[in-house]
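Shown next: structure09.txt, given as compact mmCIF, C-alpha atoms.
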```txt
# COMPACT_ATOMS: atom_id res chain seq x y z
CA MET A 1 106.33 113.94 97.27
CA SER A 2 103.51 111.77 98.54
CA ASP A 3 105.25 108.63 99.77
CA VAL A 4 107.11 108.90 103.06
CA LYS A 5 109.82 106.33 103.69
CA LYS A 6 111.69 105.46 106.84
CA PHE A 7 115.33 106.52 106.46
CA LEU A 8 117.98 105.38 108.94
CA TYR A 9 121.47 106.85 108.95
CA VAL A 10 123.85 104.46 110.71
CA ASN A 11 126.93 106.10 112.23
CA ARG A 12 129.65 103.61 113.14
CA LYS A 13 132.83 105.66 113.07
CA ALA A 14 134.57 108.15 115.37
CA PRO A 15 133.93 111.83 114.57
CA TYR A 16 137.51 112.58 113.49
CA GLY A 17 140.20 110.44 111.87
CA THR A 18 138.02 109.82 108.83
CA ILE A 19 135.44 111.99 107.08
CA TYR A 20 132.52 109.55 107.33
CA ALA A 21 130.87 111.19 110.35
CA LEU A 22 130.94 114.71 108.89
CA GLU A 23 129.73 113.63 105.45
CA SER A 24 126.99 111.54 107.07
CA LEU A 25 125.74 114.62 108.89
CA GLU A 26 125.75 116.52 105.60
CA VAL A 27 123.43 113.90 104.09
CA VAL A 28 121.13 114.11 107.11
CA LEU A 29 120.86 117.90 106.83
CA ILE A 30 120.13 117.83 103.09
CA GLY A 31 117.80 114.85 103.48
CA ALA A 32 115.74 116.71 106.08
CA ALA A 33 114.28 118.85 103.28
CA PHE A 34 112.63 115.77 101.76
CA GLU A 35 110.21 115.32 104.68
CA GLN A 36 110.87 111.64 105.19
CA ASP A 37 110.69 109.73 108.50
CA VAL A 38 114.32 110.09 109.60
CA SER A 39 116.21 108.30 112.37
CA LEU A 40 119.91 108.22 113.25
CA ALA A 41 121.72 105.29 114.82
CA PHE A 42 124.99 105.56 116.72
CA LEU A 43 126.92 102.40 117.43
CA ASP A 44 130.49 101.10 117.63
CA ASP A 45 132.89 104.10 117.61
CA GLY A 46 129.99 106.20 116.25
CA VAL A 47 128.90 106.86 119.84
CA PHE A 48 131.95 109.15 120.20
CA GLN A 49 130.28 111.54 117.72
CA LEU A 50 127.80 112.60 120.40
CA THR A 51 130.22 113.13 123.29
CA LYS A 52 130.21 116.55 124.92
CA GLY A 53 133.17 118.87 125.32
CA GLN A 54 134.81 118.01 122.01
CA ASN A 55 137.82 120.22 121.28
CA THR A 56 139.53 119.88 117.91
CA ASP A 57 141.95 122.83 118.23
CA GLY A 58 144.94 120.50 118.30
CA ILE A 59 144.15 118.78 115.02
CA GLY A 60 143.10 121.76 112.89
CA ILE A 61 139.80 120.16 111.92
CA LYS A 62 136.42 121.81 112.41
CA ASN A 63 134.47 120.65 115.47
CA PHE A 64 131.09 119.86 113.97
CA SER A 65 129.54 118.35 117.10
CA PRO A 66 127.38 121.45 117.90
CA THR A 67 125.45 120.71 114.68
CA PHE A 68 123.85 117.67 116.35
CA ARG A 69 122.06 120.01 118.74
CA ALA A 70 120.44 121.79 115.76
CA LEU A 71 118.93 118.61 114.30
CA GLY A 72 115.66 119.21 116.16
CA ASP A 73 115.14 122.35 114.07
CA PHE A 74 115.31 120.10 111.00
CA GLU A 75 112.71 117.75 112.51
CA VAL A 76 115.33 115.08 113.01
CA THR A 77 114.38 113.97 116.51
CA LYS A 78 115.20 110.27 116.81
CA LEU A 79 118.83 109.56 117.70
CA TYR A 80 119.19 105.92 118.74
CA VAL A 81 122.37 105.28 120.75
CA GLU A 82 123.47 101.73 121.49
CA LYS A 83 124.08 101.29 125.22
CA ASP A 84 126.41 98.31 124.67
CA SER A 85 128.69 100.41 122.45
CA LEU A 86 128.86 103.13 125.12
CA GLU A 87 129.73 100.64 127.85
CA GLU A 88 132.37 98.87 125.76
CA ARG A 89 134.14 102.22 125.42
CA GLY A 90 133.89 103.23 129.07
CA LEU A 91 131.28 105.87 128.28
CA SER A 92 127.99 106.56 130.02
CA PRO A 93 124.97 108.57 128.85
CA ASP A 94 126.28 111.47 130.97
CA ASP A 95 129.23 111.77 128.61
CA LEU A 96 126.89 112.67 125.72
CA GLN A 97 125.65 116.10 124.71
CA GLU A 98 122.14 117.07 125.69
CA ILE A 99 120.19 117.13 122.44
CA MET A 100 116.59 118.34 122.67
CA TYR A 101 113.69 118.89 120.30
CA GLU A 102 110.32 120.58 120.63
CA ASP A 103 107.47 118.09 120.22
CA GLU A 104 104.88 119.75 118.01
CA ASP A 105 102.34 117.06 118.94
CA ASP A 106 102.73 117.77 122.64
CA ASP A 107 102.41 121.55 122.97
CA TRP A 108 106.05 122.05 121.85
CA GLU A 109 107.36 120.44 125.01
CA GLU A 110 111.14 120.02 125.01
CA LYS A 111 112.12 116.37 124.87
CA PRO A 112 115.44 114.55 124.55
CA SER A 113 116.30 113.32 121.05
CA ILE A 114 118.73 110.67 122.28
CA ARG A 115 117.11 107.30 122.88
CA LEU A 116 119.29 104.67 124.53
CA VAL A 117 118.69 101.19 123.15
CA SER A 118 120.20 97.76 123.64
CA ARG A 119 121.94 95.93 120.81
CA ALA A 120 118.82 93.78 120.31
CA GLU A 121 116.58 96.86 120.22
CA MET A 122 118.92 98.47 117.68
CA ALA A 123 118.43 95.43 115.45
CA ASP A 124 114.67 95.99 115.68
CA VAL A 125 115.11 99.68 114.78
CA MET A 126 117.11 98.66 111.69
CA ALA A 127 114.65 95.96 110.65
CA ASP A 128 111.85 98.53 110.71
CA GLN A 129 113.43 100.81 108.04
CA ASP A 130 112.86 101.24 104.31
CA VAL A 131 116.23 102.82 103.51
CA VAL A 132 119.42 102.30 105.54
CA LEU A 133 122.50 104.38 104.79
CA SER A 134 125.60 103.28 106.66
CA PHE A 135 128.55 105.54 107.36
CA MET B 1 112.93 95.66 90.85
CA LYS B 2 114.37 99.18 90.85
CA ILE B 3 117.73 99.25 92.57
CA GLY B 4 119.69 102.33 93.62
CA VAL B 5 123.43 101.96 94.19
CA VAL B 6 125.85 103.97 96.35
CA VAL B 7 129.63 103.78 95.93
CA SER B 8 131.40 105.25 98.94
CA GLU B 9 135.05 104.22 98.64
CA GLY B 10 137.72 105.29 96.16
CA PRO B 11 138.89 103.30 93.13
CA TYR B 12 141.88 100.91 93.30
CA THR B 13 142.47 101.48 97.03
CA HIS B 14 139.21 99.72 97.75
CA GLN B 15 137.22 97.10 95.87
CA ALA B 16 133.86 98.87 96.39
CA ALA B 17 133.74 100.50 92.93
CA ASP B 18 134.58 97.17 91.26
CA THR B 19 132.07 95.14 93.25
CA ALA B 20 129.38 97.75 92.63
CA TYR B 21 130.15 97.58 88.88
CA HIS B 22 129.79 93.79 88.80
CA PHE B 23 126.66 94.00 90.93
CA VAL B 24 125.03 96.52 88.58
CA LYS B 25 125.88 94.37 85.53
CA ALA B 26 124.44 91.27 87.21
CA ALA B 27 121.31 93.15 88.30
CA LEU B 28 120.72 94.43 84.76
CA ASP B 29 121.34 90.94 83.33
CA GLY B 30 118.79 89.65 85.84
CA GLY B 31 116.14 91.97 84.44
CA HIS B 32 116.30 94.61 87.20
CA GLU B 33 116.52 98.35 86.66
CA VAL B 34 119.38 100.46 87.97
CA PRO B 35 118.35 104.03 87.20
CA ARG B 36 121.11 105.75 89.18
CA VAL B 37 124.45 105.19 90.90
CA PHE B 38 125.51 107.77 93.48
CA PHE B 39 129.19 108.36 94.25
CA TYR B 40 129.99 109.67 97.74
CA HIS B 41 132.95 110.01 100.12
CA ASP B 42 136.12 108.91 98.24
CA GLY B 43 133.84 107.17 95.74
CA VAL B 44 133.73 110.49 93.86
CA ASN B 45 137.29 109.79 92.69
CA VAL B 46 135.93 107.16 90.31
CA SER B 47 134.69 110.01 88.12
CA THR B 48 138.04 111.54 87.11
CA ARG B 49 138.78 111.22 83.42
CA LEU B 50 142.51 111.71 84.15
CA SER B 51 142.91 108.21 85.57
CA VAL B 52 145.56 106.23 83.65
CA PRO B 53 145.95 102.75 85.12
CA PRO B 54 148.52 100.30 83.67
CA GLN B 55 147.24 98.68 80.47
CA ASP B 56 146.96 95.21 81.97
CA GLU B 57 144.67 96.47 84.73
CA ARG B 58 140.95 97.16 84.60
CA HIS B 59 140.03 100.79 83.92
CA ILE B 60 137.43 101.50 86.59
CA GLN B 61 136.34 104.91 85.30
CA ASN B 62 136.02 103.70 81.69
CA ASN B 63 134.06 100.66 82.85
CA TRP B 64 131.49 102.91 84.49
CA THR B 65 131.34 105.35 81.58
CA ASN B 66 130.72 102.51 79.13
CA LEU B 67 128.16 100.76 81.33
CA ALA B 68 126.26 104.02 81.86
CA LYS B 69 126.13 104.69 78.12
CA GLU B 70 125.02 101.18 77.29
CA HIS B 71 122.23 101.05 79.89
CA ASP B 72 121.36 104.72 80.32
CA ILE B 73 122.40 104.86 83.99
CA ASP B 74 122.55 108.22 85.74
CA LEU B 75 126.01 108.42 87.38
CA VAL B 76 125.80 111.17 89.98
CA VAL B 77 128.81 112.54 91.83
CA CYS B 78 128.17 114.42 95.08
CA ILE B 79 129.20 118.04 94.56
CA ALA B 80 130.28 118.72 98.16
CA ALA B 81 132.39 115.57 98.37
CA ALA B 82 133.79 116.20 94.86
CA GLN B 83 134.83 119.80 95.47
CA ARG B 84 136.74 118.86 98.64
CA ARG B 85 138.68 116.28 96.65
CA GLY B 86 139.46 118.38 93.55
CA LEU B 87 136.88 116.98 91.14
CA LEU B 88 135.21 119.66 89.05
CA ASP B 89 133.07 119.73 85.93
CA GLU B 90 133.42 122.57 83.43
CA ASN B 91 130.72 124.74 85.02
CA GLU B 92 132.12 124.42 88.52
CA ALA B 93 135.70 125.00 87.34
CA ASN B 94 134.60 128.25 85.71
CA ARG B 95 132.55 129.29 88.71
CA GLN B 96 135.41 128.59 91.14
CA GLY B 97 138.03 130.23 88.91
CA LYS B 98 139.98 126.99 88.40
CA ASP B 99 142.07 126.34 85.28
CA ALA B 100 140.93 122.77 84.62
CA ASN B 101 138.12 120.29 85.00
CA ASN B 102 138.29 116.52 85.18
CA ILE B 103 134.87 114.85 85.21
CA ALA B 104 134.61 111.90 82.82
CA ASP B 105 131.95 111.37 80.20
CA GLY B 106 128.79 109.80 81.61
CA PHE B 107 129.17 111.27 85.11
CA ARG B 108 127.43 114.40 86.31
CA ILE B 109 127.96 116.49 89.42
CA SER B 110 124.92 117.19 91.56
CA GLY B 111 123.73 117.48 95.14
CA LEU B 112 123.03 115.06 97.97
CA GLY B 113 119.33 115.47 97.25
CA GLN B 114 119.88 113.06 94.37
CA LEU B 115 120.89 110.39 96.91
CA ILE B 116 117.77 110.91 99.02
CA GLU B 117 115.59 110.99 95.91
CA MET B 118 117.13 107.69 94.80
CA GLY B 119 116.26 106.17 98.19
CA ILE B 120 112.67 107.32 97.81
CA GLN B 121 112.21 106.23 94.20
CA THR B 122 113.87 102.80 94.23
CA ASP B 123 112.76 99.53 95.82
CA ARG B 124 116.20 98.79 97.28
CA LEU B 125 119.25 100.90 98.06
CA VAL B 126 122.53 99.01 98.03
CA THR B 127 125.73 100.58 99.39
CA PHE B 128 129.23 99.48 98.43
CA GLY B 129 131.76 100.80 100.91
CA ASP B 130 133.88 100.01 103.90
```
Same coordinates, now as structure tokens:
Amino acid sequence: MSDVKKFLYVNRKAPYGTIYALESLEVVLIGAAFEQDVSLAFLDDGVFQLTKGQNTDGIGIKNFSPTFRALGDFEVTKLYVEKDSLEERGLSPDDLQEIMYEDEDDDWEEKPSIRLVSRAEMADVMADQDVVLSF
Amino acid sequence: MKIGVVVSEGPYTHQAADTAYHFVKAALDGGHEVPRVFFYHDGVNVSTRLSVPPQDERHIQNNWTNLAKEHDIDLVVCIAAAQRRGLLDENEANRQGKDANNIADGFRISGLGQLIEMGIQTDRLVTFGD
């Protein structure tokens, strides 16, 4: 496949309660094999997907949040998180998991995948894409 | 223009499958191409051939089957989403040891790669969902 497109997966919903977050992640993992330029966006309740210390024992549903930490191995290294959405929900960046990737262009240095952006910057990220899939 | 379409909500509960159907018809009438429609999340439920709505209501699954036949549209149902929700074609039913299958004519079950491929190969990707 010669043409590389910019794919953005927009995550707007909480991790549990509905299946959107899990099935979004499944698309991201499959899509990684197509060697496109992939970014993820987390806004609205979607920011809860990245919180640390998730425990789903009480609801009998698989906790899939550790999978986010493996995204770097799939060369998915751009996770844009909207600061405004965090603040509106009483969350801070410290409430999120540490998600790292190894930068092959910088001697495999470990770098954070999460990039905090304002609502206006998120609009710019979206405007820059070829394909936007919203979940 | 080549347009790819995603349907991500279930029939009757949500209008997404209806709106997508009318959109595809309008796009084709307008001279555009719609090579594929991808059904994901509860959208996979559109593909059951066991749907029997009251006679004075639209038949969403039949509408899609007929439109696909008429315009040679590839209706793809995500296999992972379909299996969770009890939608199996004959091959999968046999493979999983199930006693029935329920995929309607004109739909085929395949992987999420078909969604990504559609995004790469079309000029626009339009999602109908919540």
Exercise answer, chain A residues close to chain B, 9 Å and only C-alpha atoms, as an MDAnalysis selection string: chainID A and resid 3:5 7 19:20 23 26:27 30:31 33:34 36 130:135
With C-alpha atoms kept, could you save the residues just selected as a short mmCIF file (atom, residue, chain, number, x, y, z; two decimals), in the coordinates of the input?
```
data_model
loop_
_atom_site.label_atom_id
_atom_site.label_comp_id
_atom_site.auth_asym_id
_atom_site.auth_seq_id
_atom_site.Cartn_x
_atom_site.Cartn_y
_atom_site.Cartn_z
CA ASP A 3 105.25 108.63 99.77
CA VAL A 4 107.11 108.90 103.06
CA LYS A 5 109.82 106.33 103.69
CA PHE A 7 115.33 106.52 106.46
CA ILE A 19 135.44 111.99 107.08
CA TYR A 20 132.52 109.55 107.33
CA GLU A 23 129.73 113.63 105.45
CA GLU A 26 125.75 116.52 105.60
CA VAL A 27 123.43 113.90 104.09
CA ILE A 30 120.13 117.83 103.09
CA GLY A 31 117.80 114.85 103.48
CA ALA A 33 114.28 118.85 103.28
CA PHE A 34 112.63 115.77 101.76
CA GLN A 36 110.87 111.64 105.19
CA ASP A 130 112.86 101.24 104.31
CA VAL A 131 116.23 102.82 103.51
CA VAL A 132 119.42 102.30 105.54
CA LEU A 133 122.50 104.38 104.79
CA SER A 134 125.60 103.28 106.66
CA PHE A 135 128.55 105.54 107.36
#
```
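The spacing separating CA of Ala17 in chain B from CA of His59 in chain B amounts to 11.0 Å.
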Of the listed residues A:Lys52, A:Lys6, A:Arg12, A:Arg69, that which approaches Val125 in chain A most closely, counting only C-alpha atoms: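 Comparing A:Lys52, A:Lys6, A:Arg12, A:Arg69 against Val125 in chain A, the winner is A:Lys6.
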Selected residue, from B:Ala68, B:Thr48, B:Met118, B:Gly106, that lies nearest to Lys2 in chain B when counting all atoms listed in the file: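 The closest residue to Lys2 in chain B is B:Met118.
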Residue nearest Ile73 in chain B - candidates B:Ala26, B:Ile109, B:Val37, B:Ile103, atoms counted: all atoms listed in the file: B:Val37
Atomic distance CA of Ala21 in chain A - CA of Pro66 in chain A, expressed in Å with one decimal: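 Spanning CA of Ala21 in chain A to CA of Pro66 in chain A is a straight-line distance of 13.2 Å.
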Separation of CA of Arg108 in chain B from CA of Arg95 in chain B in Å: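 Going from CA of Arg95 in chain B over to CA of Arg108 in chain B covers 15.9 Å.
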Residue nearest Val81 in chain A among A:Ser24, A:Thr51, A:Gln129, A:Thr18 (counting all atoms listed in the file):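 Closest residue, counting all atoms listed in the file: A:Thr51.
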10 Å contact set for Glu110 in chain A, all atoms listed in the file, chain neighbours under 3 positions out, as a list in words: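 What passes the distance filter is Gly72, Ile99, Met100, Tyr101, Glu102, Asp103, Glu104, Asp106, Asp107 and Ser113 of chain A.
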